[in-house]
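*Asks:* The following block contains the structure, expressed as structure tokens.
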Amino acid sequence: MAHHAHERTELVLDALANLGRGLDLETALNQISAIAARLVGARYVALGVLGADGRIARFLTVGLSPAQVRAIGPYPTGHGILGELIRHPVPLRLHDLGEHPASVGFPANHPPMRSFLGVPLRVHGCAFGNLYLTEKDGGGDFTEDDQRLLEALAAGASVAIENANLYEEARLREQSARANDEISRRVLTGCSPEEVVALVADNALLVAGADTAIIALPEDGHQHLVVRAAAGTEAKRLVGVMLPPGGTFSSIVLTSGEPIVSPDAVADERTQLSFDLRHEIGPLAVLPLGGPGGTRGVLAVGRFEGRIPFAPVVVEALQGFAAQVAVALELAEHRVDAARFAVLRDRERIARDLHDLAVQRLYATGLGLLSLRRDLDGDHAHRVGRAVDEIDETIALIRTTVHRLQPGGARTRQEDLRSRVITEVDVATGPLGYSPQLRFDGPVDSVIPSDVAEHVVAVLREGLSNVARHAHARSVAVRLAVSDDVVLTVVDDGVGIPGDVPHSGLRNLARRAAELGGALGVGPGEAGGTRLEWRVPLDSA
């Protein structure tokens, strides 16, 4: 017995020494769980890390296979026996945890557990989490010696956790300071907003240790958010995607100007994610670019489900990045305003010079020719008269140009194509009963000519109308892309094209494409339904 006790003491000392060498929090937490299992001979061990709300925000397990964890479902948040240790942070040892008044039973597919030992973990005097051990080897109960050993491990583990937290905080502050310096230099040297938002997305991903990061900005004249920069998982696919207009983390942050930080976005009842990924996002932080009443967009950073939530120091660093983007966007607006003012000032100067110099000189020249014509014979007088008429026409043209150069005289710019496409999608939401997905790729506003833009809007309107009338679809995705070609794609998950439906609308769309040297393709989508692709070459457009 004494020899066994000595071995266990040696195991505790070795464990504490190993814990003291590590500086990574995730590694330290997994080591604590594994050491606890060996130390007291427990089949199952769980370590629950508490969040800011006092509930379990992170749950690590030993003894359960990944398949068992998936079969059990979402990890607990602090009910039953686990919550008892949160409410009363003192060691708890039970012969049969099912007999305790706080027990609420096990979820489906959960292995049976009887004997129980729980010990709180405290870091710097504050509750950090709890160690939960069940099923003592040999089928007996956990002993008082087990409890004391586990309390000793918990005391040493608190030091390791605090060291890891301090190291992580110092590393994050150093990384965020370097990133902020680089971003500030780019902003002050006049980099475009596109370069700045891309740089911030990359740095936010790195500093936060995240799996995905996006920056979404509202479209001009709309409350729709469009992803302008992305980093991490599926970054290329996300850029250009339009996010749903309401009921999402991003839309709420854009409207309120207040950040949202969630330990598990999947289970969060407040709202839903505003972007779809092939992996579920758990911890999520969405921050406004600017404050309430002046929000210019959102920065959203996420980790995959099951990873540790974002620490306050990470959120603080992300807020600094969001502020940098807001400053860059505001400076860009001021530069555009300054450039516009300079153009207007030059236009006024040119208009004034044309009126005061060119028009007056031409007018004086015309008068001189008129006086000269009186002394000329018929043919020469006729030629001089014609020259005077041309001078009058030139003066009229110059005066028209002067009018257009003056403020308010220029022709109003037509609404850009991107806004018109968004408007068509919004209009289609009513007949469809849901909001279509929308994505832009390439400079659709600056490259597509106005006559082609008219065709694009008409084709989109007809395509969405066909989906609403005939497809019986539950979703539809719209994509407008520009490279060597202008490509408009409308894909739905409906029943396909019925044989008894007139195809006159599709023939009109094909004719529009043929007029511009392009083609219309209609066929089944990858997952069923219908895929409509309208393509015209950009050079011929």
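So you can find residues: chains in the structure tokens are A, B, ... in the order shown, residues in each start at 1, and ligands are numbered from 1 in order.
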Per residue of stretch 284-312 of chain A within 8 Å of stretch 53-59 of chain A, record the nearest atom pair and its distance in Å to one decimal, counting only C-alpha atoms, with rows in chain order and ascending residue number, as JSON lines.

*Replies:*
```
{"residue": "A:Gly306", "atom": "CA", "partner": "A:Arg58", "partner_atom": "CA", "distance": 7.4}
{"residue": "A:Arg307", "atom": "CA", "partner": "A:Arg58", "partner_atom": "CA", "distance": 7.5}
{"residue": "A:Ile308", "atom": "CA", "partner": "A:Arg58", "partner_atom": "CA", "distance": 5.9}
{"residue": "A:Pro309", "atom": "CA", "partner": "A:Ala57", "partner_atom": "CA", "distance": 7.0}
```

*Asks:* I need the chosen residues saved as a short mmCIF file (atom, residue, chain, number, x, y, z; two decimals), in the first residue's frame, with N, CA and C atoms.

*Replies:*
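Contents of selection09.cif, freshly written:
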```cif
data_model
loop_
_atom_site.label_atom_id
_atom_site.label_comp_id
_atom_site.auth_asym_id
_atom_site.auth_seq_id
_atom_site.Cartn_x
_atom_site.Cartn_y
_atom_site.Cartn_z
N GLY A 306 -16.30 22.86 -31.69
CA GLY A 306 -15.51 22.04 -30.79
C GLY A 306 -14.22 22.69 -30.33
N ARG A 307 -13.81 23.80 -30.99
CA ARG A 307 -12.59 24.50 -30.57
C ARG A 307 -12.91 25.47 -29.43
N ILE A 308 -11.85 25.92 -28.77
CA ILE A 308 -12.01 26.78 -27.60
C ILE A 308 -12.55 28.16 -28.02
N PRO A 309 -13.45 28.76 -27.22
CA PRO A 309 -13.99 30.09 -27.57
C PRO A 309 -12.91 31.16 -27.57
#
```

*Asks:* Pick out the residues sitting within 8 Å of stretch 244-261 of chain A, and hand them over as an MDAnalysis selection string; count only C-alpha atoms, and ignore anything fewer than 5 positions along from it in its own chain.

*Replies:* chainID A and resid 223:225 271:274 283:298 300 310 435 437

*Asks:* Could you tell me, as a VMD selection string, which residues of stretch 51-294 of chain A DSSP assigns to strand (DSSP E or B) when given the backbone?

*Replies:* chain A and resid 56 to 62 92 to 94 116 to 123 126 to 136 212 to 218 225 to 232 241 to 242 248 260 to 262 272 281 to 288

*Asks:* Just how far from atom CA of A:Pro91 is atom CA of A:Arg148, in Å to one decimal?

*Replies:*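 Atom-to-atom, atom CA of A:Arg148 to atom CA of A:Pro91, that is 9.5 Å.
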
*Asks:* What's the separation between atom CA of A:Asn508 and atom CA of A:Val486, in Å to one decimal place?

*Replies:*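 According to the coordinates, atom CA of A:Asn508 and atom CA of A:Val486 are separated by 17.7 Å.
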
*Asks:* Would you return as a ChimeraX atom specification the members of stretch 102-178 of chain A that DSSP assigns to helix (DSSP H, G or I) on this structure's backbone?

*Replies:* /A:137-139,144-178

*Asks:* Name the residues in contact with A:Leu188 at a cut-off of 10 Å, using only C-alpha atoms, excluding same-chain residues fewer than 4 positions from it; report them as a JSON list (two decimals) with C-alpha atoms, in the first residue's frame.

*Replies:*
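Wrote part_7.json, looks like this:
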```
[["chain", "number", "residue", "atom", "x", "y", "z"],
["A", 183, "ILE", "CA", -2.14, 48.22, -41.36],
["A", 184, "SER", "CA", -1.56, 51.81, -40.18],
["A", 328, "ALA", "CA", -9.37, 53.24, -43.88],
["A", 331, "LEU", "CA", -10.12, 58.13, -45.34]]
```

*Asks:* Between A:Glu162, A:Asp211, A:Asp426, A:Asp141, which residue has the minimum interatomic distance to A:Gly125, considering only C-alpha atoms?

*Replies:*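 Of A:Glu162, A:Asp211, A:Asp426, A:Asp141, the one nearest A:Gly125 is A:Glu162, counting only C-alpha atoms.
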
*Asks:* Select, from A:Gln31, A:Ala358, A:Arg93, A:Glu84, the residue with the minimum atom-to-atom distance to A:Thr61, counting only C-alpha atoms.

*Replies:*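 Of the candidates, the smallest distance to A:Thr61 is held by A:Gln31.
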
*Asks:* Just the residues within 9 Å of stretch 63-77 of chain A, please, counting only C-alpha atoms, with nothing from its chain fewer than 3 positions along; format it as a VMD selection string.

*Replies:* chain A and resid 37 42 to 46 48 50 55 to 59 82 to 83 107 to 111 267 306

*Asks:* Under the rule that only C-alpha atoms are counted, which of A:Leu85, A:Ala323, A:Val476, A:Ala265 is the nearest residue to A:Val200?

*Replies:* A:Ala323

*Asks:* Please identify all polymer residues within 10 Å of A:Val452, counting only C-alpha atoms, omitting same-chain residues fewer than 6 positions from it, and present them as number ranges by chain.

*Replies:* A: 417, 458, 486, 512-513, 516, 536, 538, 541
